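Undergrad: So that we are looking at the same thing, I have put the structure below in structure tokens.
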Protein chains: 2
Amino acid sequence: MNISQAAKISGLPAQTVRYYESIGLVSPARMAHNGYRSFSKSDVDRLCFLKQAKTTGFSLEESRDLLALYENADRRSQHVKQLVLDKLSRLDQQIEELMAMRQTLSELAEGCQGDEQPNCHIINQLAEQGGAGHE
Amino acid sequence: MNISQAAKISGLPAQTVRYYESIGLVSPARMAHNGYRSFSKSDVDRLCFLKQAKTTGFSLEESRDLLALYENADRRSQHVKQLVLDKLSRLDQQIEELMAMRQTLSELAEGCQGDEQPNCHIINQLAEQGGAGHE
DNA sequence: TCTTGACCTTGCAGTAACTTTAAGGTTTAT
DNA sequence: ATAAACCTTAAAGTTACTGCAAGGTCAAGA
């Protein structure tokens, strides 16, 4: 099957599939007479796996590791689970950071009149917090 | 004051301060005899403002807009508030995406034995979801 | 047969916000 | 004198693509 079919099935843009090939995440055969990529079922399986890992929040390097595990019959589920738990804790940390930002933004917005006047709580707070008061 | 002082007060790495200068977010004077940057109080104020905006989750382009507002005596707080509300809604969306990932990861981890065996719920799920079952 | 449109190829530039590296000049303290 | 700690620039690397240009190929219709 050619790239547009593989892209459609996996849910990845064709450009992205080419990019994945360029970094060695997939290696489709080539058709001799025109140089078009030819994707086998297992190539498409890899792409689907990658798409799913991406949706789940894994980076491409993490996905590469998962893919190696996917294709390694001697893997230990221990090992896979550890990758997921590590990812989970990084994700929790990231969520906490965003929640902190959300809190700050929400407080800023609440304190601001939002009218025609220049006086603005938001601007004042951004200016006053942090390294303010240095002389 | 020289760059390391300005960096310390603002809480930004010196390299980042140089980068901010290169994209026009700050324009410190230069000392004639050695070419070192010389930061005034208002330069440092800008850096602190930028640091704070960054911590609050604004991109550099958004920060540039906020900085213009910060220095514009004719601003309307309406305008500033709208920027913050827009940011807030993008942030909420981002948090939701991360929570969805968190949920998926957490379910994956729960279903996995995490032992010495190759059979792994996580791998199976990543392989089966998405574009699976194409023939 | 010709043409039109949809497909495929490559390579290169651009994105965000830095970080790292290299190579070298200046200042300060001993 | 010299070493440590500061400063400078320019260029490359990072992540995961996206967009563009120039051109080859293929399938269908007139």
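Letters A, B, ... go to the chains of the structure tokens in the order shown; residues in each chain start at 1; ligands are counted from 1 in the same order.
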Both chains have the same sequence, so match all Cα atoms in order, fit chain B onto chain A by least squares, and return it as a PDB file with C-alpha atoms, in the first residue's frame.
TA:
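The resulting file, result05.pdb, is reproduced below:
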```
ATOM      1  CA  MET B   1      -0.050   0.284   0.035  1.00  0.00           C
ATOM      2  CA  ASN B   2       1.199   3.798  -0.581  1.00  0.00           C
ATOM      3  CA  ILE B   3       1.793   6.558   1.906  1.00  0.00           C
ATOM      4  CA  SER B   4      -1.604   8.215   1.816  1.00  0.00           C
ATOM      5  CA  GLN B   5      -3.353   4.936   2.657  1.00  0.00           C
ATOM      6  CA  ALA B   6      -0.919   4.222   5.486  1.00  0.00           C
ATOM      7  CA  ALA B   7      -1.399   7.756   6.761  1.00  0.00           C
ATOM      8  CA  LYS B   8      -5.144   7.461   6.691  1.00  0.00           C
ATOM      9  CA  ILE B   9      -5.226   4.147   8.530  1.00  0.00           C
ATOM     10  CA  SER B  10      -2.748   5.214  11.198  1.00  0.00           C
ATOM     11  CA  GLY B  11      -4.225   8.648  11.620  1.00  0.00           C
ATOM     12  CA  LEU B  12      -0.864  10.338  11.094  1.00  0.00           C
ATOM     13  CA  PRO B  13      -0.263  12.964   8.378  1.00  0.00           C
ATOM     14  CA  ALA B  14       1.759  11.645   5.432  1.00  0.00           C
ATOM     15  CA  GLN B  15       4.455  14.201   6.171  1.00  0.00           C
ATOM     16  CA  THR B  16       4.798  12.856   9.658  1.00  0.00           C
ATOM     17  CA  VAL B  17       5.101   9.319   8.329  1.00  0.00           C
ATOM     18  CA  ARG B  18       7.969  10.478   6.107  1.00  0.00           C
ATOM     19  CA  TYR B  19       9.547  12.135   9.098  1.00  0.00           C
ATOM     20  CA  TYR B  20       9.230   8.916  11.100  1.00  0.00           C
ATOM     21  CA  GLU B  21      10.973   7.069   8.313  1.00  0.00           C
ATOM     22  CA  SER B  22      13.764   9.651   8.291  1.00  0.00           C
ATOM     23  CA  ILE B  23      14.474   8.952  11.962  1.00  0.00           C
ATOM     24  CA  GLY B  24      14.209   5.209  11.565  1.00  0.00           C
ATOM     25  CA  LEU B  25      10.884   4.524  13.261  1.00  0.00           C
ATOM     26  CA  VAL B  26       9.524   2.765  10.196  1.00  0.00           C
ATOM     27  CA  SER B  27      11.209   1.426   7.050  1.00  0.00           C
ATOM     28  CA  PRO B  28       8.777   0.822   4.228  1.00  0.00           C
ATOM     29  CA  ALA B  29       9.951  -0.919   1.062  1.00  0.00           C
ATOM     30  CA  ARG B  30      10.232   1.038  -2.178  1.00  0.00           C
ATOM     31  CA  MET B  31       8.596   0.294  -5.465  1.00  0.00           C
ATOM     32  CA  ALA B  32      11.304  -0.173  -8.051  1.00  0.00           C
ATOM     33  CA  HIS B  33       9.788   1.658 -10.998  1.00  0.00           C
ATOM     34  CA  ASN B  34       8.802   4.933  -9.345  1.00  0.00           C
ATOM     35  CA  GLY B  35      10.443   5.095  -5.922  1.00  0.00           C
ATOM     36  CA  TYR B  36       7.124   5.333  -4.085  1.00  0.00           C
ATOM     37  CA  ARG B  37       7.049   3.938  -0.549  1.00  0.00           C
ATOM     38  CA  SER B  38       5.228   0.654  -0.161  1.00  0.00           C
ATOM     39  CA  PHE B  39       3.821  -0.065   3.305  1.00  0.00           C
ATOM     40  CA  SER B  40       3.252  -3.620   4.476  1.00  0.00           C
ATOM     41  CA  LYS B  41       0.689  -4.555   7.108  1.00  0.00           C
ATOM     42  CA  SER B  42       3.398  -4.657   9.754  1.00  0.00           C
ATOM     43  CA  ASP B  43       4.637  -1.198   8.730  1.00  0.00           C
ATOM     44  CA  VAL B  44       1.121   0.082   9.239  1.00  0.00           C
ATOM     45  CA  ASP B  45       0.921  -1.724  12.583  1.00  0.00           C
ATOM     46  CA  ARG B  46       4.021   0.137  13.693  1.00  0.00           C
ATOM     47  CA  LEU B  47       2.525   3.442  12.616  1.00  0.00           C
ATOM     48  CA  CYS B  48      -0.672   2.724  14.531  1.00  0.00           C
ATOM     49  CA  PHE B  49       1.341   1.790  17.589  1.00  0.00           C
ATOM     50  CA  LEU B  50       3.301   5.038  17.277  1.00  0.00           C
ATOM     51  CA  LYS B  51       0.137   7.065  16.872  1.00  0.00           C
ATOM     52  CA  GLN B  52      -1.335   5.495  19.953  1.00  0.00           C
ATOM     53  CA  ALA B  53       1.823   6.011  22.012  1.00  0.00           C
ATOM     54  CA  LYS B  54       1.853   9.634  20.901  1.00  0.00           C
ATOM     55  CA  THR B  55      -1.767  10.152  21.903  1.00  0.00           C
ATOM     56  CA  THR B  56      -0.945   8.603  25.247  1.00  0.00           C
ATOM     57  CA  GLY B  57       1.746  11.224  25.718  1.00  0.00           C
ATOM     58  CA  PHE B  58       4.984   9.389  24.948  1.00  0.00           C
ATOM     59  CA  SER B  59       7.797  11.220  23.184  1.00  0.00           C
ATOM     60  CA  LEU B  60       9.232   9.718  20.014  1.00  0.00           C
ATOM     61  CA  GLU B  61      12.262   8.383  21.882  1.00  0.00           C
ATOM     62  CA  GLU B  62      10.017   6.789  24.481  1.00  0.00           C
ATOM     63  CA  SER B  63       7.892   5.428  21.653  1.00  0.00           C
ATOM     64  CA  ARG B  64      10.988   3.984  20.063  1.00  0.00           C
ATOM     65  CA  ASP B  65      11.698   2.079  23.280  1.00  0.00           C
ATOM     66  CA  LEU B  66       8.110   0.891  23.530  1.00  0.00           C
ATOM     67  CA  LEU B  67       8.220  -0.244  19.925  1.00  0.00           C
ATOM     68  CA  ALA B  68      11.362  -2.268  20.615  1.00  0.00           C
ATOM     69  CA  LEU B  69       9.550  -3.897  23.520  1.00  0.00           C
ATOM     70  CA  TYR B  70       6.482  -4.451  21.334  1.00  0.00           C
ATOM     71  CA  GLU B  71       8.622  -6.408  18.932  1.00  0.00           C
ATOM     72  CA  ASN B  72      10.727  -8.202  21.518  1.00  0.00           C
ATOM     73  CA  ALA B  73       9.252 -11.549  22.450  1.00  0.00           C
ATOM     74  CA  ASP B  74      11.641 -11.784  25.430  1.00  0.00           C
ATOM     75  CA  ARG B  75      10.409  -8.619  27.111  1.00  0.00           C
ATOM     76  CA  ARG B  76       9.314  -8.544  30.737  1.00  0.00           C
ATOM     77  CA  SER B  77       6.101  -6.742  31.508  1.00  0.00           C
ATOM     78  CA  GLN B  78       7.920  -5.404  34.588  1.00  0.00           C
ATOM     79  CA  HIS B  79      10.101  -3.336  32.334  1.00  0.00           C
ATOM     80  CA  VAL B  80       7.213  -1.950  30.309  1.00  0.00           C
ATOM     81  CA  LYS B  81       5.238  -1.124  33.423  1.00  0.00           C
ATOM     82  CA  GLN B  82       8.152   0.809  34.852  1.00  0.00           C
ATOM     83  CA  LEU B  83       8.307   2.985  31.733  1.00  0.00           C
ATOM     84  CA  VAL B  84       4.631   3.753  32.113  1.00  0.00           C
ATOM     85  CA  LEU B  85       4.887   4.529  35.817  1.00  0.00           C
ATOM     86  CA  ASP B  86       7.819   6.887  35.209  1.00  0.00           C
ATOM     87  CA  LYS B  87       5.855   8.616  32.511  1.00  0.00           C
ATOM     88  CA  LEU B  88       2.887   8.895  34.812  1.00  0.00           C
ATOM     89  CA  SER B  89       4.876  10.663  37.474  1.00  0.00           C
ATOM     90  CA  ARG B  90       6.362  13.134  34.997  1.00  0.00           C
ATOM     91  CA  LEU B  91       2.884  13.760  33.698  1.00  0.00           C
ATOM     92  CA  ASP B  92       1.548  14.404  37.187  1.00  0.00           C
ATOM     93  CA  GLN B  93       4.271  16.957  37.722  1.00  0.00           C
ATOM     94  CA  GLN B  94       3.451  18.667  34.456  1.00  0.00           C
ATOM     95  CA  ILE B  95      -0.237  18.785  35.343  1.00  0.00           C
ATOM     96  CA  GLU B  96       0.591  20.371  38.676  1.00  0.00           C
ATOM     97  CA  GLU B  97       2.608  23.096  36.965  1.00  0.00           C
ATOM     98  CA  LEU B  98      -0.240  23.864  34.612  1.00  0.00           C
ATOM     99  CA  MET B  99      -2.715  23.953  37.484  1.00  0.00           C
ATOM    100  CA  ALA B 100      -0.506  26.440  39.293  1.00  0.00           C
ATOM    101  CA  MET B 101      -0.461  28.616  36.177  1.00  0.00           C
ATOM    102  CA  ARG B 102      -4.196  28.248  35.915  1.00  0.00           C
ATOM    103  CA  GLN B 103      -4.625  29.424  39.473  1.00  0.00           C
ATOM    104  CA  THR B 104      -2.414  32.450  38.899  1.00  0.00           C
ATOM    105  CA  LEU B 105      -4.168  33.391  35.668  1.00  0.00           C
ATOM    106  CA  SER B 106      -7.542  32.992  37.217  1.00  0.00           C
ATOM    107  CA  GLU B 107      -6.640  35.263  40.123  1.00  0.00           C
ATOM    108  CA  LEU B 108      -5.210  37.826  37.747  1.00  0.00           C
ATOM    109  CA  ALA B 109      -8.379  37.878  35.669  1.00  0.00           C
ATOM    110  CA  GLU B 110     -10.630  38.134  38.691  1.00  0.00           C
ATOM    111  CA  GLY B 111      -8.857  41.200  40.017  1.00  0.00           C
ATOM    112  CA  CYS B 112      -9.087  43.079  36.728  1.00  0.00           C
ATOM    113  CA  GLN B 113     -12.007  45.392  36.011  1.00  0.00           C
ATOM    114  CA  GLY B 114     -11.810  44.815  32.273  1.00  0.00           C
ATOM    115  CA  ASP B 115     -12.993  48.280  31.363  1.00  0.00           C
ATOM    116  CA  GLU B 116     -11.899  51.283  29.269  1.00  0.00           C
ATOM    117  CA  GLN B 117      -9.418  52.489  31.862  1.00  0.00           C
ATOM    118  CA  PRO B 118      -5.662  51.899  31.729  1.00  0.00           C
ATOM    119  CA  ASN B 119      -5.374  50.867  35.353  1.00  0.00           C
ATOM    120  CA  CYS B 120      -5.007  47.097  35.293  1.00  0.00           C
ATOM    121  CA  HIS B 121      -4.554  44.616  38.099  1.00  0.00           C
ATOM    122  CA  ILE B 122      -2.995  42.078  35.731  1.00  0.00           C
ATOM    123  CA  ILE B 123      -0.268  44.412  34.535  1.00  0.00           C
ATOM    124  CA  ASN B 124       0.374  45.581  38.077  1.00  0.00           C
ATOM    125  CA  GLN B 125       0.762  42.055  39.353  1.00  0.00           C
ATOM    126  CA  LEU B 126       3.039  40.945  36.547  1.00  0.00           C
ATOM    127  CA  ALA B 127       5.200  43.992  37.222  1.00  0.00           C
ATOM    128  CA  GLU B 128       5.241  43.663  40.988  1.00  0.00           C
ATOM    129  CA  GLN B 129       5.820  39.994  41.560  1.00  0.00           C
ATOM    130  CA  GLY B 130       9.167  38.295  41.022  1.00  0.00           C
ATOM    131  CA  GLY B 131      12.286  40.426  41.197  1.00  0.00           C
ATOM    132  CA  ALA B 132      10.429  43.646  41.972  1.00  0.00           C
ATOM    133  CA  GLY B 133      11.660  46.111  44.511  1.00  0.00           C
ATOM    134  CA  HIS B 134      15.323  45.884  43.563  1.00  0.00           C
ATOM    135  CA  GLU B 135      17.174  49.166  43.975  1.00  0.00           C
TER     136      GLU B 135
END
```
Undergrad: Select all residues from chain D having any atom no more than 12 Å from an atom of chain B (counting only C-alpha atoms (C1' of nucleotides), ignoring ligands), output as a count of residues only.
TA: 5
Undergrad: Just asking: which residues within segment 54-96 of chain B are alpha helix (DSSP H) according to DSSP, as a PyMOL selection string?
TA: chain B and resi 54-55+60-70+77-96
Undergrad: Show me, as a tab-separated table, the residues of chain C having an atom within 12 Å of chain A, each with the closest atom pair and its distance in Å, using only C-alpha atoms (C1' of nucleotides).
TA:
```
residue	atom	partner	partner_atom	distance
C:DA6	C1'	A:Ser4	CA	11.5
C:DC7	C1'	A:Ser4	CA	8.7
C:DC8	C1'	A:Tyr36	CA	6.3
C:DT9	C1'	A:Tyr36	CA	7.4
C:DT10	C1'	A:Arg18	CA	11.1
```
Undergrad: Show which residues sit within 12 Å of DA11 of chain D, as a PDB file with C-alpha atoms (C1' of nucleotides), in the first residue's frame. Count only C-alpha atoms (C1' of nucleotides), and ignore same-chain residues fewer than 5 positions away.
TA:
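Output contents, as saved in result.pdb:
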```pdb
ATOM      1  C1'  DT C  20      25.264  23.949  24.386  1.00  0.00           C
ATOM      2  C1'  DT C  21      29.632  24.483  22.435  1.00  0.00           C
ATOM      3  C1'  DA C  22      33.597  26.771  20.842  1.00  0.00           C
ATOM      4  C1'  DA C  23      36.798  30.294  20.730  1.00  0.00           C
TER       5       DA C  23
END
```
Undergrad: Using only C-alpha atoms (C1' of nucleotides), which protein or nucleic acid residues come within 10 Å of DA28 of chain D? Drop anything in the same chain fewer than 2 positions from it, and give the result as JSON, numbers by chain.
TA: {"C": [4, 5], "D": [26, 30]}
Undergrad: Would you export the selected residues with N, CA and C atoms (P, O5', C5', C4', C3', O3' and C1' of nucleotides) as a compact mmCIF listing (two decimals), in the first residue's frame, please?
TA:
```
# COMPACT_ATOMS: atom_id res chain seq x y z
P DT C 4 -5.28 21.07 -19.58
O5' DT C 4 -6.18 20.80 -18.29
C5' DT C 4 -7.29 19.87 -18.38
C4' DT C 4 -7.33 19.01 -17.13
C3' DT C 4 -6.73 19.69 -15.89
O3' DT C 4 -7.69 19.58 -14.85
C1' DT C 4 -5.91 17.48 -16.11
P DG C 5 -7.67 20.62 -13.62
O5' DG C 5 -7.81 19.61 -12.40
C5' DG C 5 -8.57 18.41 -12.55
C4' DG C 5 -7.96 17.32 -11.71
C3' DG C 5 -7.42 17.83 -10.36
O3' DG C 5 -8.02 17.04 -9.34
C1' DG C 5 -5.79 16.48 -11.46
P DC D 26 4.14 5.24 -12.50
O5' DC D 26 2.57 5.35 -12.26
C5' DC D 26 2.10 5.97 -11.06
C4' DC D 26 0.61 6.28 -11.19
C3' DC D 26 -0.15 5.43 -12.20
O3' DC D 26 -1.35 5.02 -11.56
C1' DC D 26 -0.53 7.72 -12.62
P DA D 30 -15.39 12.96 -20.58
O5' DA D 30 -14.37 13.57 -21.64
C5' DA D 30 -13.92 14.93 -21.52
C4' DA D 30 -13.30 15.37 -22.83
C3' DA D 30 -14.21 15.18 -24.05
O3' DA D 30 -13.97 16.24 -25.00
C1' DA D 30 -12.29 13.83 -24.31
```
Undergrad: Segment 15-111 of chain A: which residues are strand (DSSP E) by DSSP, as a list in words?
TA: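 These are the residues in question: Ala29, Arg30, Arg37 and Ser38 of chain A.
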